[in-house]
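This report concerns only the one structure given below.
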Amino acid sequence: MSALPLNIGETGDGRSTLRSPHGVGAPGVTSPVSPLPGEAVVRGATLLDVPTLESLMAPYVATGDLLPRSNYDLCRHVKEYLVAEAPDGDLVGCGSLKIYSRDLAEVAGLAVRADQQGTGVGRVLMEALVAEARSSGIAEVLALTRKPAFFHKLGFVLAEKGHFPLKVWADCARCPRQNCCDEITVVLKL
Ligand SMILES: CC(C)(COP(=O)(O)OP(=O)(O)OC[C@H]1O[C@@H](n2cnc3c(N)ncnc32)[C@H](O)[C@@H]1OP(=O)(O)O)[C@@H](O)C(=O)NCCC(=O)NCCS
């Protein structure tokens, strides 16, 4: 299935609820419905979220599924991040969209809290990130991942990392794993 553009509706307090483009919550339906469990919402991250972003990503940095990010880096780029917030205020997932050019952006730092995995949080975060890329007019979104099957579910296809020199210059050139990289490059054309 390809990643679908979701309409993100402002609720007036800076948050957004996700409206599925099909079925319940489609444009024109009055009450926005989040597909997340318990009506959680996806919203832009703020500086106050940075410690939680660090906690969400830490277990996957430890396993090598995510690259480490410093507090400084997270603060500088916090506007690139979306977070999934449960009704109790807990953040249960995050992800970022790094824009390289008009043509290319990368989904990075995608993490779902272990006890929430498999409940659709990753999918709605991805769909919101892809919708953001699409609304910015970006032509394609790439990801480097050890979980290509998850991305395939969202319509991404395999690609060659060498086709994305901006990514290679930005990160791979200074990555400690550059000579033993086990990440798979996937891309979604928008
Ligand atoms: C990968 C990750 C973000 C997926 O998030 P999630 O919330 O568990 O995924 P979802 O529940 O939204 O799953 C969406 C679909 O992908 C599938 N899926 C999820 N993880 C998968 C995996 N590792 N392999 C294959 N399929 C997977 C689900 O079965 C589901 O399919 P369905 O719609 O047919 O039922 C999450 O497991 C995670 O945080 N992993 C650790 C960090 C990481 O590896 N991040 C990606 C780095 S680029």
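So you can find residues: chains in the structure tokens are A, B, ... in the order shown, residues in each start at 1, and ligands are numbered from 1 in order.
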Write out as a tab-separated table (two decimals) with N, CA and C atoms, in the first residue's frame each polymer residue (protein, DNA or RNA) that has an atom no more than 10 Å from ligand 1, with only C-alpha atoms and all ligand atoms counted.
```tsv
chain	number	residue	atom	x	y	z
A	1	MET	N	0.84	-1.19	0.00
A	1	MET	CA	0.00	0.00	0.00
A	1	MET	C	0.87	1.23	0.00
A	36	LEU	N	-4.98	6.83	15.62
A	36	LEU	CA	-4.12	6.34	16.69
A	36	LEU	C	-4.96	5.78	17.82
A	56	LEU	N	12.82	8.46	23.88
A	56	LEU	CA	12.15	7.60	22.90
A	56	LEU	C	13.17	6.92	21.99
A	57	MET	N	14.20	7.69	21.60
A	57	MET	CA	15.16	7.15	20.64
A	57	MET	C	16.26	6.31	21.28
A	58	ALA	N	16.53	6.56	22.58
A	58	ALA	CA	17.70	5.93	23.23
A	58	ALA	C	17.77	4.41	23.06
A	59	PRO	N	16.66	3.66	23.28
A	59	PRO	CA	16.80	2.20	23.15
A	59	PRO	C	17.21	1.77	21.75
A	60	TYR	N	16.78	2.53	20.75
A	60	TYR	CA	17.06	2.15	19.36
A	60	TYR	C	18.42	2.68	18.89
A	61	VAL	N	18.91	3.70	19.56
A	61	VAL	CA	20.30	4.10	19.34
A	61	VAL	C	21.19	2.99	19.89
A	63	THR	N	20.58	-0.16	20.10
A	63	THR	CA	20.58	-1.35	19.23
A	63	THR	C	21.18	-1.06	17.85
A	64	GLY	N	21.46	0.21	17.58
A	64	GLY	CA	22.01	0.57	16.28
A	64	GLY	C	20.95	0.80	15.22
A	65	ASP	N	19.67	0.77	15.61
A	65	ASP	CA	18.60	1.02	14.63
A	65	ASP	C	18.50	2.51	14.29
A	66	LEU	N	18.89	3.36	15.23
A	66	LEU	CA	18.91	4.80	14.97
A	66	LEU	C	20.30	5.35	15.24
A	67	LEU	N	20.66	6.37	14.50
A	67	LEU	CA	21.93	7.05	14.76
A	67	LEU	C	21.76	7.95	15.98
A	92	VAL	N	4.41	8.81	22.63
A	92	VAL	CA	4.59	7.39	22.34
A	92	VAL	C	5.34	7.15	21.04
A	93	GLY	N	5.69	8.22	20.34
A	93	GLY	CA	6.45	8.04	19.11
A	93	GLY	C	6.93	9.36	18.58
A	94	CYS	N	7.93	9.29	17.69
A	94	CYS	CA	8.45	10.51	17.08
A	94	CYS	C	9.05	10.16	15.72
A	95	GLY	N	9.26	11.19	14.94
A	95	GLY	CA	9.92	11.02	13.64
A	95	GLY	C	10.21	12.40	13.09
A	106	GLU	N	14.32	13.39	3.82
A	106	GLU	CA	14.56	12.09	4.46
A	106	GLU	C	13.72	11.97	5.73
A	107	VAL	N	13.12	10.80	5.89
A	107	VAL	CA	12.48	10.48	7.17
A	107	VAL	C	13.56	9.89	8.06
A	108	ALA	N	13.69	10.44	9.26
A	108	ALA	CA	14.74	9.99	10.17
A	108	ALA	C	14.22	10.04	11.60
A	109	GLY	N	14.96	9.39	12.48
A	109	GLY	CA	14.62	9.43	13.91
A	109	GLY	C	13.23	8.89	14.21
A	110	LEU	N	12.80	7.92	13.42
A	110	LEU	CA	11.46	7.36	13.63
A	110	LEU	C	11.53	6.33	14.76
A	111	ALA	N	10.77	6.56	15.81
A	111	ALA	CA	10.81	5.66	16.97
A	111	ALA	C	9.43	5.59	17.61
A	112	VAL	N	9.02	4.39	17.92
A	112	VAL	CA	7.75	4.17	18.63
A	112	VAL	C	8.08	3.44	19.93
A	113	ARG	N	7.52	3.92	21.03
A	113	ARG	CA	7.78	3.31	22.33
A	113	ARG	C	7.45	1.82	22.27
A	114	ALA	N	8.29	1.01	22.88
A	114	ALA	CA	8.19	-0.45	22.71
A	114	ALA	C	6.79	-0.98	23.01
A	115	ASP	N	6.16	-0.44	24.07
A	115	ASP	CA	4.84	-0.98	24.45
A	115	ASP	C	3.72	-0.52	23.52
A	116	GLN	N	4.04	0.34	22.56
A	116	GLN	CA	3.03	0.81	21.61
A	116	GLN	C	3.28	0.30	20.20
A	117	GLN	N	4.34	-0.47	20.01
A	117	GLN	CA	4.64	-0.94	18.66
A	117	GLN	C	3.56	-1.92	18.18
A	118	GLY	N	3.32	-1.87	16.89
A	118	GLY	CA	2.32	-2.75	16.30
A	118	GLY	C	0.90	-2.24	16.45
A	119	THR	N	0.75	-1.01	16.93
A	119	THR	CA	-0.61	-0.46	17.11
A	119	THR	C	-0.91	0.65	16.11
A	120	GLY	N	-0.03	0.87	15.15
A	120	GLY	CA	-0.32	1.85	14.11
A	120	GLY	C	0.31	3.22	14.32
A	121	VAL	N	1.05	3.37	15.42
A	121	VAL	CA	1.66	4.68	15.69
A	121	VAL	C	2.70	5.02	14.61
A	122	GLY	N	3.55	4.04	14.28
A	122	GLY	CA	4.57	4.28	13.27
A	122	GLY	C	3.96	4.68	11.94
A	123	ARG	N	2.88	4.00	11.58
A	123	ARG	CA	2.23	4.30	10.30
A	123	ARG	C	1.70	5.74	10.27
A	124	VAL	N	1.02	6.17	11.32
A	124	VAL	CA	0.44	7.52	11.25
A	124	VAL	C	1.53	8.59	11.33
A	125	LEU	N	2.59	8.30	12.06
A	125	LEU	CA	3.70	9.26	12.05
A	125	LEU	C	4.27	9.37	10.64
A	126	MET	N	4.49	8.22	10.01
A	126	MET	CA	5.03	8.23	8.65
A	126	MET	C	4.09	8.94	7.68
A	127	GLU	N	2.81	8.67	7.81
A	127	GLU	CA	1.86	9.30	6.88
A	127	GLU	C	1.84	10.81	7.10
A	142	LEU	N	13.26	9.74	1.17
A	142	LEU	CA	14.06	8.53	1.34
A	142	LEU	C	14.20	8.19	2.82
A	143	ALA	N	14.59	6.97	3.08
A	143	ALA	CA	14.92	6.56	4.44
A	143	ALA	C	16.04	5.53	4.35
A	144	LEU	N	16.91	5.55	5.34
A	144	LEU	CA	17.91	4.49	5.49
A	144	LEU	C	17.49	3.70	6.71
A	145	THR	N	17.36	2.41	6.56
A	145	THR	CA	16.72	1.65	7.63
A	145	THR	C	17.19	0.21	7.69
A	146	ARG	N	17.06	-0.36	8.88
A	146	ARG	CA	17.21	-1.81	9.03
A	146	ARG	C	15.84	-2.49	9.03
A	147	LYS	N	14.79	-1.70	8.86
A	147	LYS	CA	13.42	-2.24	8.88
A	147	LYS	C	12.73	-1.98	7.54
A	148	PRO	N	13.33	-2.43	6.43
A	148	PRO	CA	12.73	-2.10	5.13
A	148	PRO	C	11.30	-2.61	4.98
A	149	ALA	N	10.97	-3.72	5.64
A	149	ALA	CA	9.62	-4.29	5.47
A	149	ALA	C	8.55	-3.31	5.95
A	150	PHE	N	8.85	-2.58	7.03
A	150	PHE	CA	7.90	-1.57	7.52
A	150	PHE	C	7.68	-0.51	6.44
A	151	PHE	N	8.77	-0.06	5.82
A	151	PHE	CA	8.65	0.98	4.80
A	151	PHE	C	7.96	0.46	3.55
A	152	HIS	N	8.21	-0.81	3.20
A	152	HIS	CA	7.52	-1.38	2.04
A	152	HIS	C	6.01	-1.33	2.24
A	153	LYS	N	5.58	-1.58	3.48
A	153	LYS	CA	4.13	-1.53	3.77
A	153	LYS	C	3.54	-0.16	3.44
A	154	LEU	N	4.40	0.86	3.49
A	154	LEU	CA	3.93	2.23	3.26
A	154	LEU	C	4.23	2.70	1.84
A	183	GLU	N	22.43	-0.49	6.64
A	183	GLU	CA	21.11	0.09	6.42
A	183	GLU	C	20.72	0.00	4.94
A	184	ILE	N	19.44	-0.18	4.73
A	184	ILE	CA	18.90	-0.33	3.38
A	184	ILE	C	18.25	0.99	3.00
A	185	THR	N	18.50	1.41	1.78
A	185	THR	CA	17.91	2.67	1.31
A	185	THR	C	16.57	2.38	0.65
A	186	VAL	N	15.56	3.11	1.09
A	186	VAL	CA	14.22	2.99	0.49
A	186	VAL	C	13.73	4.38	0.13
```
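Take CA of Ser136 (chain A) and CA of Tyr81 (chain A): the distance between them is 15.2 Å.
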Rounded to one decimal place, report the CA of Asp182 (chain A)-CA of Glu160 (chain A) distance in Å.
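A separation of 13.0 Å between them.
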Among listed residues A:Glu54, A:Glu80, A:Asp73, A:Asp49, nearest Tyr100 (chain A) (using only C-alpha atoms)
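For Tyr100 (chain A), the nearest of the candidates is A:Glu80.
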Spatial neighbours of Leu190 (chain A), 12 Å, only C-alpha atoms, chain gap at least 4 places, as a list in words:
Ser2, Ala3, Leu4, Pro5, Asp103, Leu104, Ala105, Glu127, Leu129, Val130, Ala131, Glu132, Ala133, Arg134, Ser135, Ser136, Gly137, Ile138, Ala139, Glu140, Val141, Leu142, Gly155 and Phe156 of chain A
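Within region 139-190 of chain A, DSSP applied to the backbone places the following residues in strand (DSSP E or B): Glu140, Val141, Leu142, Ala143, Leu144, Thr145, Val157, Leu158, Ile184, Thr185, Val186, Val187, Leu188 and Lys189 of chain A.
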Export of the given selection (N, CA and C atoms) as an mmCIF file, in the first residue's frame:
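Dumped everything to result.cif:
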```
data_model
loop_
_atom_site.group_PDB
_atom_site.id
_atom_site.type_symbol
_atom_site.label_atom_id
_atom_site.label_comp_id
_atom_site.auth_asym_id
_atom_site.auth_seq_id
_atom_site.Cartn_x
_atom_site.Cartn_y
_atom_site.Cartn_z
ATOM 1 N N GLU A 140 10.531 13.430 -3.637
ATOM 2 C CA GLU A 140 10.663 12.076 -3.105
ATOM 3 C C GLU A 140 11.231 12.098 -1.691
ATOM 4 N N VAL A 141 10.875 11.053 -0.964
ATOM 5 C CA VAL A 141 11.298 10.919 0.432
ATOM 6 C C VAL A 141 12.095 9.628 0.557
ATOM 7 N N LEU A 142 13.264 9.736 1.166
ATOM 8 C CA LEU A 142 14.064 8.527 1.341
ATOM 9 C C LEU A 142 14.202 8.188 2.817
ATOM 10 N N ALA A 143 14.585 6.967 3.078
ATOM 11 C CA ALA A 143 14.918 6.560 4.438
ATOM 12 C C ALA A 143 16.038 5.533 4.351
ATOM 13 N N LEU A 144 16.914 5.551 5.336
ATOM 14 C CA LEU A 144 17.909 4.490 5.488
ATOM 15 C C LEU A 144 17.495 3.701 6.711
ATOM 16 N N THR A 145 17.357 2.407 6.559
ATOM 17 C CA THR A 145 16.715 1.654 7.628
ATOM 18 C C THR A 145 17.185 0.210 7.688
ATOM 19 N N VAL A 157 10.050 1.858 -1.937
ATOM 20 C CA VAL A 157 10.726 0.802 -2.707
ATOM 21 C C VAL A 157 12.236 0.925 -2.501
ATOM 22 N N LEU A 158 12.944 -0.159 -2.792
ATOM 23 C CA LEU A 158 14.397 -0.159 -2.626
ATOM 24 C C LEU A 158 15.042 0.845 -3.566
ATOM 25 N N ILE A 184 19.445 -0.185 4.733
ATOM 26 C CA ILE A 184 18.897 -0.331 3.380
ATOM 27 C C ILE A 184 18.246 0.995 2.999
ATOM 28 N N THR A 185 18.503 1.410 1.776
ATOM 29 C CA THR A 185 17.914 2.668 1.312
ATOM 30 C C THR A 185 16.573 2.378 0.652
ATOM 31 N N VAL A 186 15.561 3.111 1.089
ATOM 32 C CA VAL A 186 14.223 2.985 0.485
ATOM 33 C C VAL A 186 13.731 4.384 0.129
ATOM 34 N N VAL A 187 12.878 4.447 -0.873
ATOM 35 C CA VAL A 187 12.413 5.756 -1.338
ATOM 36 C C VAL A 187 10.944 5.688 -1.727
ATOM 37 N N LEU A 188 10.275 6.800 -1.523
ATOM 38 C CA LEU A 188 8.865 6.935 -1.936
ATOM 39 C C LEU A 188 8.772 8.160 -2.835
ATOM 40 N N LYS A 189 8.327 7.942 -4.064
ATOM 41 C CA LYS A 189 8.109 9.090 -4.959
ATOM 42 C C LYS A 189 6.739 9.680 -4.658
#
```
Pick from A:Ala159, A:Leu166, A:Leu53, A:Gly89, whichever lies nearest to Cys75 (chain A) using only C-alpha atoms
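Looking at the shortest contact to Cys75 (chain A), the residue is A:Leu53.
Comparing A:Lys161, A:Lys167, A:Arg43, A:Arg102 by their smallest distance to Lys79 (chain A), the closest is A:Arg43 (using only C-alpha atoms).
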